[in-house]
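A.B. asks: Contents of run-v4.txt (compact mmCIF, C-alpha atoms) are below:
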# COMPACT_ATOMS: atom_id res chain seq x y z
CA MET R 1 27.75 -12.20 -23.09
CA GLU R 2 27.87 -10.82 -26.61
CA THR R 3 26.49 -7.31 -27.05
CA PHE R 4 23.82 -7.14 -29.72
CA LYS R 5 23.91 -4.43 -32.32
CA GLU R 6 20.85 -2.24 -32.64
CA ILE R 7 18.62 -3.32 -35.50
CA SER R 8 14.99 -2.93 -36.42
CA MET R 9 13.29 -6.24 -35.63
CA PRO R 10 9.63 -5.80 -34.85
CA VAL R 11 7.40 -8.38 -33.16
CA ALA R 12 7.21 -11.55 -35.26
CA THR R 13 4.94 -11.62 -38.28
CA TYR R 14 2.40 -14.42 -38.69
CA GLU R 15 4.75 -16.19 -41.10
CA GLN R 16 7.68 -15.88 -38.70
CA TYR R 17 5.60 -17.14 -35.78
CA CYS R 18 4.51 -20.18 -37.77
CA GLN R 19 8.14 -20.74 -38.72
CA MET R 20 9.16 -20.51 -35.06
CA LEU R 21 6.61 -23.07 -33.94
CA GLU R 22 7.25 -25.50 -36.77
CA LYS R 23 11.03 -25.29 -36.30
CA ALA R 24 10.63 -26.10 -32.60
CA ASN R 25 8.32 -28.98 -33.46
CA LYS R 26 10.76 -30.50 -35.95
CA GLU R 27 13.90 -29.96 -33.89
CA GLY R 28 12.55 -30.98 -30.47
CA TYR R 29 12.68 -27.81 -28.41
CA ALA R 30 10.16 -25.37 -26.92
CA TYR R 31 9.87 -21.64 -26.35
CA PRO R 32 9.65 -20.18 -22.86
CA ALA R 33 6.36 -18.27 -22.72
CA ILE R 34 6.82 -15.64 -20.04
CA ASN R 35 3.88 -14.07 -18.24
CA VAL R 36 4.48 -10.36 -17.69
CA THR R 37 2.55 -7.72 -15.79
CA SER R 38 4.55 -4.54 -16.41
CA THR R 39 7.14 -2.89 -18.63
CA SER R 40 9.76 -3.99 -16.10
CA THR R 41 8.95 -7.70 -16.36
CA ALA R 42 8.55 -7.42 -20.14
CA ASN R 43 12.01 -5.84 -20.37
CA ALA R 44 13.47 -8.71 -18.35
CA ALA R 45 12.07 -11.20 -20.85
CA LEU R 46 13.31 -9.27 -23.88
CA LYS R 47 16.81 -9.03 -22.44
CA ALA R 48 16.94 -12.73 -21.60
CA PHE R 49 15.82 -13.88 -25.04
CA ALA R 50 18.30 -11.60 -26.77
CA GLU R 51 21.23 -12.70 -24.62
CA MET R 52 20.41 -16.37 -25.21
CA LYS R 53 19.85 -15.85 -28.97
CA SER R 54 16.49 -17.52 -28.44
CA ASP R 55 13.20 -16.46 -29.93
CA GLY R 56 10.50 -16.32 -27.29
CA ILE R 57 6.93 -15.62 -26.32
CA ILE R 58 5.77 -12.83 -24.02
CA GLN R 59 2.26 -13.27 -22.72
CA VAL R 60 -0.34 -11.42 -20.66
CA SER R 61 -3.08 -13.02 -18.56
CA THR R 62 -6.43 -11.46 -17.69
CA GLY R 63 -5.14 -10.64 -14.21
CA GLY R 64 -1.85 -9.35 -15.58
CA GLY R 65 -3.69 -7.08 -17.99
CA GLU R 66 -5.93 -5.75 -15.24
CA PHE R 67 -2.91 -5.02 -13.05
CA ALA R 68 -1.07 -3.27 -15.87
CA SER R 69 -4.01 -0.91 -16.40
CA GLY R 70 -3.66 0.39 -12.83
CA SER R 71 -5.75 0.01 -9.69
CA ASN R 72 -8.04 2.87 -10.74
CA ILE R 73 -8.87 1.50 -14.21
CA LYS R 74 -8.78 -2.29 -13.79
CA ASP R 75 -9.38 -2.92 -17.50
CA MET R 76 -7.76 -6.24 -18.46
CA ALA R 77 -7.92 -5.62 -22.20
CA LEU R 78 -6.58 -2.06 -21.95
CA GLY R 79 -3.70 -3.18 -19.75
CA ALA R 80 -2.83 -5.96 -22.19
CA ILE R 81 -2.85 -3.44 -25.05
CA SER R 82 -0.50 -1.20 -23.08
CA ILE R 83 2.01 -3.99 -22.49
CA ALA R 84 1.76 -5.17 -26.10
CA GLU R 85 2.43 -1.67 -27.41
CA HIS R 86 5.50 -1.47 -25.18
CA VAL R 87 6.82 -4.78 -26.47
CA HIS R 88 6.18 -3.74 -30.08
CA THR R 89 8.26 -0.62 -29.45
CA MET R 90 11.10 -2.30 -27.57
CA ALA R 91 11.33 -5.44 -29.73
CA LYS R 92 12.73 -3.30 -32.53
CA LYS R 93 15.94 -3.00 -30.51
CA TYR R 94 16.54 -6.75 -30.26
CA ASN R 95 17.64 -9.21 -32.94
CA VAL R 96 15.47 -12.18 -32.00
CA CYS R 97 11.85 -12.92 -32.84
CA ILE R 98 9.35 -12.12 -30.11
CA ALA R 99 5.73 -13.28 -30.28
CA LEU R 100 2.93 -11.77 -28.18
CA HIS R 101 0.31 -14.04 -26.64
CA THR R 102 -2.53 -13.86 -24.12
CA ASP R 103 -2.92 -16.55 -21.49
CA HIS R 104 -5.91 -18.43 -19.97
CA CYS R 105 -8.99 -16.56 -21.09
CA HIS R 106 -11.89 -18.42 -19.50
CA PRO R 107 -15.35 -18.40 -21.11
CA ASP R 108 -16.71 -15.68 -18.82
CA LYS R 109 -13.90 -13.32 -19.85
CA VAL R 110 -13.96 -13.78 -23.62
CA GLU R 111 -16.17 -10.75 -24.26
CA LYS R 112 -14.17 -8.38 -22.08
CA PHE R 113 -10.67 -9.65 -22.82
CA MET R 114 -10.14 -11.68 -25.97
CA VAL R 115 -12.77 -10.08 -28.19
CA PRO R 116 -11.59 -6.48 -27.58
CA LEU R 117 -8.02 -7.58 -28.32
CA ILE R 118 -9.04 -9.28 -31.57
CA GLU R 119 -10.99 -6.13 -32.47
CA GLU R 120 -7.89 -4.04 -31.80
CA THR R 121 -5.92 -6.20 -34.24
CA GLU R 122 -8.70 -5.90 -36.82
CA LYS R 123 -8.52 -2.11 -36.54
CA ARG R 124 -4.74 -2.19 -36.91
CA ARG R 125 -4.89 -4.45 -39.96
CA ALA R 126 -7.42 -2.13 -41.61
CA LYS R 127 -4.80 0.62 -41.30
CA GLY R 128 -2.02 -1.57 -42.67
CA LEU R 129 -0.43 -2.05 -39.25
CA PRO R 130 0.84 -5.37 -37.84
CA ASN R 131 -1.25 -7.50 -35.51
CA LEU R 132 -1.29 -6.46 -31.87
CA PHE R 133 -1.01 -10.05 -30.58
CA ASN R 134 0.22 -13.11 -32.47
CA SER R 135 -1.94 -15.57 -30.56
CA HIS R 136 -4.62 -15.85 -27.90
CA MET R 137 -5.59 -18.63 -25.52
CA PHE R 138 -9.17 -19.69 -24.98
CA ASP R 139 -9.34 -21.90 -21.91
CA GLY R 140 -12.61 -23.76 -22.29
CA SER R 141 -11.49 -26.67 -20.12
CA GLU R 142 -14.29 -25.99 -17.62
CA LEU R 143 -16.88 -26.64 -20.34
CA PRO R 144 -18.13 -30.00 -21.62
CA LEU R 145 -15.93 -31.06 -24.53
CA GLU R 146 -18.62 -30.45 -27.16
CA GLU R 147 -19.21 -26.90 -25.93
CA ASN R 148 -15.47 -26.27 -25.65
CA ILE R 149 -15.03 -27.34 -29.27
CA ARG R 150 -18.00 -25.25 -30.46
CA VAL R 151 -16.66 -22.03 -28.91
CA SER R 152 -13.08 -22.84 -29.99
CA LYS R 153 -14.24 -23.24 -33.60
CA GLU R 154 -15.99 -19.87 -33.52
CA LEU R 155 -12.95 -18.11 -32.06
CA LEU R 156 -10.48 -19.86 -34.36
CA THR R 157 -12.56 -18.87 -37.40
CA ARG R 158 -12.27 -15.22 -36.44
CA CYS R 159 -8.61 -15.55 -35.45
CA ALA R 160 -7.65 -17.32 -38.68
CA LYS R 161 -9.15 -14.49 -40.76
CA ASN R 162 -6.74 -12.15 -38.98
CA GLU R 163 -3.64 -14.39 -39.02
CA ILE R 164 -3.89 -15.03 -35.28
CA ILE R 165 -3.07 -18.45 -33.82
CA LEU R 166 -5.47 -19.74 -31.17
CA GLU R 167 -4.39 -21.81 -28.19
CA ILE R 168 -7.02 -24.09 -26.66
CA GLU R 169 -7.13 -26.48 -23.70
CA THR R 170 -8.92 -29.69 -22.84
CA GLY R 171 -8.56 -31.40 -19.52
CA VAL R 172 -7.80 -29.22 -16.50
CA VAL R 173 -4.48 -27.90 -15.20
CA GLY R 174 -4.65 -28.34 -11.44
CA GLY R 175 -3.64 -25.90 -8.73
CA GLU R 176 -4.31 -22.15 -8.62
CA GLU R 177 -3.27 -19.36 -10.93
CA ASP R 178 -4.45 -15.82 -11.56
CA GLY R 179 -7.39 -16.20 -9.17
CA VAL R 180 -8.69 -19.45 -10.70
CA ASN R 181 -8.52 -22.37 -8.28
CA ASN R 182 -8.60 -25.93 -9.65
CA GLU R 183 -7.17 -27.60 -6.55
CA GLY R 184 -10.22 -29.84 -6.09
CA THR R 185 -10.30 -31.11 -9.65
CA PRO R 186 -10.98 -34.88 -9.93
CA ALA R 187 -7.85 -36.77 -10.90
CA ASP R 188 -9.24 -38.04 -14.20
CA LYS R 189 -9.82 -34.47 -15.40
CA LEU R 190 -6.09 -33.76 -15.11
CA TYR R 191 -5.34 -36.06 -18.06
CA THR R 192 -6.44 -35.37 -21.63
CA SER R 193 -7.56 -38.54 -23.41
CA PRO R 194 -6.41 -39.66 -26.88
CA GLU R 195 -10.02 -39.41 -27.99
CA GLU R 196 -10.11 -35.73 -27.01
CA MET R 197 -6.90 -35.03 -28.93
CA VAL R 198 -8.35 -36.69 -32.03
CA ALA R 199 -11.62 -34.77 -31.67
CA ILE R 200 -9.73 -31.47 -31.45
CA ALA R 201 -7.68 -32.25 -34.55
CA LYS R 202 -10.80 -33.20 -36.50
CA ALA R 203 -12.70 -30.07 -35.49
CA LEU R 204 -10.02 -27.38 -35.69
CA ARG R 205 -7.47 -28.39 -38.33
CA PRO R 206 -9.73 -27.44 -41.26
CA ILE R 207 -10.19 -23.93 -39.84
CA GLY R 208 -6.72 -22.63 -39.04
CA LYS R 209 -3.51 -22.98 -37.04
CA PHE R 210 -3.76 -23.57 -33.32
CA MET R 211 -1.79 -24.67 -30.28
CA TYR R 212 -3.11 -27.19 -27.81
CA ALA R 213 -2.66 -27.31 -24.03
CA ALA R 214 -3.36 -30.97 -23.43
CA THR R 215 -3.09 -31.91 -19.77
CA PHE R 216 -1.04 -34.74 -18.35
CA GLY R 217 -1.15 -34.15 -14.59
CA ASN R 218 0.42 -30.69 -14.70
CA VAL R 219 -0.40 -28.25 -11.92
CA HIS R 220 -0.19 -24.47 -11.63
CA GLY R 221 1.80 -23.04 -8.74
CA VAL R 222 4.97 -24.20 -7.04
CA TYR R 223 5.45 -27.62 -5.49
CA LYS R 224 8.37 -29.56 -4.09
CA PRO R 225 9.90 -32.09 -6.49
CA GLY R 226 7.93 -35.32 -6.46
CA ASN R 227 4.63 -33.70 -5.48
CA VAL R 228 3.48 -33.24 -9.08
CA LYS R 229 2.54 -36.55 -10.72
CA LEU R 230 3.18 -35.93 -14.40
CA ARG R 231 2.44 -38.56 -17.03
CA PRO R 232 4.14 -37.29 -20.22
CA GLU R 233 3.22 -40.54 -21.97
CA ILE R 234 -0.33 -39.17 -22.15
CA LEU R 235 0.92 -36.72 -24.77
CA LYS R 236 2.58 -39.47 -26.80
CA GLN R 237 -0.54 -41.63 -26.71
CA GLY R 238 -2.66 -38.73 -27.90
CA GLN R 239 -0.26 -37.73 -30.66
CA ASP R 240 -0.03 -41.35 -31.85
CA ALA R 241 -3.83 -41.51 -32.06
CA VAL R 242 -3.93 -38.27 -34.08
CA VAL R 243 -1.23 -39.47 -36.47
CA LYS R 244 -3.03 -42.79 -36.94
CA GLU R 245 -6.25 -40.95 -37.82
CA PHE R 246 -4.97 -38.04 -39.92
CA GLY R 247 -1.28 -38.58 -40.71
CA ASP R 248 1.96 -37.18 -39.34
CA GLU R 249 1.27 -33.63 -40.55
CA ALA R 250 -1.64 -33.46 -38.05
CA ARG R 251 0.59 -33.73 -34.96
CA HIS R 252 -0.44 -31.05 -32.50
CA TRP R 253 1.66 -28.08 -31.46
CA LEU R 254 1.42 -28.81 -27.73
CA VAL R 255 1.73 -26.41 -24.80
CA PHE R 256 3.01 -27.29 -21.32
CA HIS R 257 1.22 -25.40 -18.52
CA GLY R 258 2.08 -25.65 -14.84
CA GLY R 259 5.70 -26.70 -15.19
CA SER R 260 7.02 -25.41 -11.84
CA GLY R 261 8.43 -28.23 -9.75
CA SER R 262 8.73 -30.57 -12.74
CA GLU R 263 11.83 -32.69 -13.15
CA LEU R 264 14.04 -31.65 -16.07
CA SER R 265 13.90 -35.18 -17.44
CA GLU R 266 10.10 -34.96 -17.58
CA ILE R 267 10.26 -31.61 -19.35
CA HIS R 268 12.68 -33.02 -21.92
CA GLU R 269 10.45 -36.04 -22.46
CA THR R 270 7.53 -33.77 -23.40
CA LEU R 271 9.67 -32.03 -26.03
CA GLY R 272 9.86 -35.30 -27.90
CA TYR R 273 6.08 -35.54 -27.92
CA GLY R 274 5.44 -32.20 -29.57
CA VAL R 275 5.58 -29.57 -26.81
CA ILE R 276 6.70 -26.34 -28.48
CA LYS R 277 5.70 -23.81 -25.80
CA MET R 278 6.04 -23.92 -22.03
CA ASN R 279 4.38 -21.32 -19.83
CA ILE R 280 6.58 -19.86 -17.11
CA ASP R 281 5.11 -17.63 -14.43
CA THR R 282 5.57 -18.86 -10.86
CA ASP R 283 9.35 -19.25 -11.14
CA THR R 284 9.87 -15.82 -12.68
CA GLN R 285 7.57 -14.20 -10.10
CA TYR R 286 9.74 -15.69 -7.39
CA ALA R 287 12.99 -14.65 -9.07
CA TYR R 288 11.77 -11.05 -9.36
CA THR R 289 10.51 -10.83 -5.78
CA ARG R 290 13.40 -12.78 -4.22
CA ALA R 291 15.85 -10.20 -5.52
CA VAL R 292 13.78 -7.35 -4.06
CA VAL R 293 13.61 -9.03 -0.65
CA ASP R 294 17.37 -9.59 -0.66
CA TYR R 295 17.97 -5.96 -1.63
CA MET R 296 15.67 -4.60 1.08
CA LEU R 297 17.09 -6.78 3.86
CA LYS R 298 20.67 -5.86 2.97
CA ASN R 299 19.86 -2.16 2.67
CA TYR R 300 17.27 -1.81 5.43
CA ASP R 301 18.81 1.32 6.93
CA GLN R 302 19.19 2.91 3.48
CA VAL R 303 15.65 2.42 2.18
CA LEU R 304 13.91 3.44 5.44
CA LYS R 305 14.20 6.53 7.61
CA VAL R 306 15.41 4.67 10.70
CA GLU R 307 15.85 6.34 14.10
CA GLY R 308 15.55 9.90 12.85
CA GLU R 309 17.82 9.43 9.84
CA VAL R 310 16.74 10.32 6.31
CA GLY R 311 17.67 7.13 4.47
CA ASN R 312 19.44 7.19 1.13
CA LYS R 313 17.50 8.21 -1.96
CA LYS R 314 19.89 6.28 -4.19
CA PHE R 315 18.71 3.10 -2.48
CA TYR R 316 14.98 3.69 -2.14
CA ASP R 317 14.60 5.04 -5.66
CA PRO R 318 12.43 2.29 -7.24
CA ARG R 319 14.76 2.20 -10.22
CA ALA R 320 17.51 0.84 -8.00
CA TRP R 321 15.67 -2.20 -6.68
CA MET R 322 13.60 -2.81 -9.82
CA LYS R 323 16.82 -3.05 -11.82
CA VAL R 324 18.01 -5.79 -9.48
CA ALA R 325 14.67 -7.55 -9.81
CA GLU R 326 14.71 -7.36 -13.61
CA ASN R 327 18.19 -8.86 -13.75
CA SER R 328 17.17 -11.71 -11.45
CA MET R 329 14.10 -12.49 -13.56
CA CYS R 330 16.23 -12.26 -16.69
CA ASP R 331 18.65 -14.83 -15.28
CA ARG R 332 15.78 -17.24 -14.52
CA ILE R 333 14.44 -16.94 -18.06
CA LYS R 334 17.89 -17.69 -19.43
CA VAL R 335 17.85 -20.94 -17.46
CA ALA R 336 14.47 -21.71 -19.04
CA CYS R 337 15.93 -21.21 -22.52
CA ASP R 338 18.62 -23.74 -21.73
CA ASP R 339 16.17 -26.17 -20.12
CA LEU R 340 13.81 -26.01 -23.11
CA LYS R 341 16.73 -26.20 -25.57
CA SER R 342 15.80 -22.98 -27.41
CA THR R 343 19.16 -21.31 -26.73
CA GLY R 344 20.95 -20.28 -29.92
CA LYS R 345 18.09 -21.37 -32.19
CA SER R 346 16.55 -18.09 -33.27
CA ILE R 347 15.11 -18.29 -36.79
CA LEU R 348 17.09 -15.12 -37.51
CA LEU R 349 20.47 -16.80 -37.04
Rewrite the structure of this file - the entire thing - as structure tokens.
C.D. replies:
Amino acid sequence: METFKEISMPVATYEQYCQMLEKANKEGYAYPAINVTSTSTANAALKAFAEMKSDGIIQVSTGGGEFASGSNIKDMALGAISIAEHVHTMAKKYNVCIALHTDHCHPDKVEKFMVPLIEETEKRRAKGLPNLFNSHMFDGSELPLEENIRVSKELLTRCAKNEIILEIETGVVGGEEDGVNNEGTPADKLYTSPEEMVAIAKALRPIGKFMYAATFGNVHGVYKPGNVKLRPEILKQGQDAVVKEFGDEARHWLVFHGGSGSELSEIHETLGYGVIKMNIDTDTQYAYTRAVVDYMLKNYDQVLKVEGEVGNKKFYDPRAWMKVAENSMCDRIKVACDDLKSTGKSILL
């Protein structure tokens, strides 16, 4: 793989992020959006994007932020700030565009997660510094549609003033992720209707730029092939309804959640319907942990003090096995770049 020269490329500006999303929309590809929980997992994502010459999105969930702050602090916003600051520092060493995003902020966490992060960006902008995060997700899918739209409008108004893109969701992504369990969701709630997609366009387009996680049977977690009943045509039907009502320029920037276990053909079909971002978490978690398990099993007598021996510090040094884990996660993200067709399409090329 080509070695990249060291250049100063900070996290994407608002203009660059918009360019990234619109380019993906026009050319039929999507960005892997990688959930990270540490500097180690963030570094794996940065390395993968650079090696694939793909721009990408690094994102932090409420649970990921809480974990990153440490078991003694457990402050989801503070942990997210810590990871974001790390990415801002490290992104300067890579020659692709990296955007920072927060994932799945439910209504009960807005005041302790999203609002403090928006406030942090407002403070930075007042000092002439770049935004902390490029975009945030408000997941109001548990609310009635009217209430979801009302809160989304309020948040987008504040985000737009600060050149932040908001991601919203209608419908419900099934399964379980980050402590939120939607496994008992009624089947009809797993599919966003064309009417909902039109309502979102009508309410939010006049305010600012946003991404939209419309649901089409997608499920969080990992499932064997065939167990997830996706209906990508739901996205096409919704987009067609939006275009009929408001014109082609109103097509949504769509987001694909819960893609683990999906057939590649289904993923590619969604790209043609306007998916420009696909969240990836379960598969990269597995890749990171699988490498650690393999390392420990192969080096059992080196990492433990077995039968009176002292082990081998070179093997139980966390840097040794975390390096293996990072490389494994990096390799999985590179596959995602190929699958989503973002490889070699950085806006900086």
A.B. asks: Which residues are near range 287-289 of chain R? Cut-off 9 Å, all atoms listed in the file, ignore same chain within fewer than 4 positions. Put them as a list of chain:residue names.
C.D. replies: R:Thr41, R:Thr282, R:Asp283, R:Val293, R:Asp294, R:Met322, R:Val324, R:Ala325, R:Glu326, R:Asn327, R:Ser328, R:Met329, R:Cys330, R:Asp331, R:Arg332
A.B. asks: With only C-alpha atoms as the basis for distance, which of R:Tyr17, R:Leu117, R:Leu132, R:Ile333 is at the shortest distance from Asn43 in chain R?
C.D. replies: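 Using only C-alpha atoms, Asn43 in chain R sits closest to R:Ile333.
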A.B. asks: So what do you get for CA of Ala213 in chain R versus CA of His136 in chain R, distance-wise?
C.D. replies: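 Here the two named atoms are 12.3 Å from each other.
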A.B. asks: Out of R:Ser260, R:Thr270, R:Ser69, R:Asn131, which residue has the shortest atom-to-atom distance to Pro10 in chain R when counting only C-alpha atoms?
C.D. replies: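 Nearest to Pro10 in chain R: R:Asn131.
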A.B. asks: From the list R:Asn162, R:Thr102, R:Asn72, R:Thr170, which residue is nearest Gly140 in chain R when using only C-alpha atoms?
C.D. replies: R:Thr170
A.B. asks: When you count all atoms listed in the file, which of these residues is closest to Lys229 in chain R: R:Arg205, R:Tyr191, R:Ala91, R:Val255?
C.D. replies: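 Under the stated criterion, the closest residue is R:Tyr191.
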A.B. asks: Excluding Asp339 in chain R and any residue of its chain fewer than 5 positions from it, enumerate the residues within 10 Å of it, using all atoms listed in the file, and give them as a list in words.
C.D. replies: Tyr29, Ala30, Tyr31, Pro32, Leu264, Ser265, Ile267, His268, Ile333 and Lys334 of chain R
A.B. asks: In Å, with one decimal, what is the gap from CA of Met20 in chain R to CA of Asp103 in chain R?
C.D. replies: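 Taking CA of Met20 in chain R and CA of Asp103 in chain R, their separation equals 18.6 Å.
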A.B. asks: Which value, in Å to one decimal, gives the distance between CA of Gly64 in chain R and CA of Gly344 in chain R?
C.D. replies: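 CA of Gly344 in chain R lies 29.1 Å from CA of Gly64 in chain R.
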A.B. asks: Taking into account all atoms listed in the file, which residue in the set R:Asn218, R:Ser71, R:Asn148, R:Asn134 is nearest to Asn279 in chain R?
C.D. replies: R:Asn218
A.B. asks: Rank nothing, just name the residue among R:Gly70, R:Gly171, R:Gly274, R:Gly261 nearest to Leu143 in chain R, using all atoms listed in the file.
C.D. replies: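 Looking only at the distances to Leu143 in chain R, the closest residue turns out to be R:Gly171.
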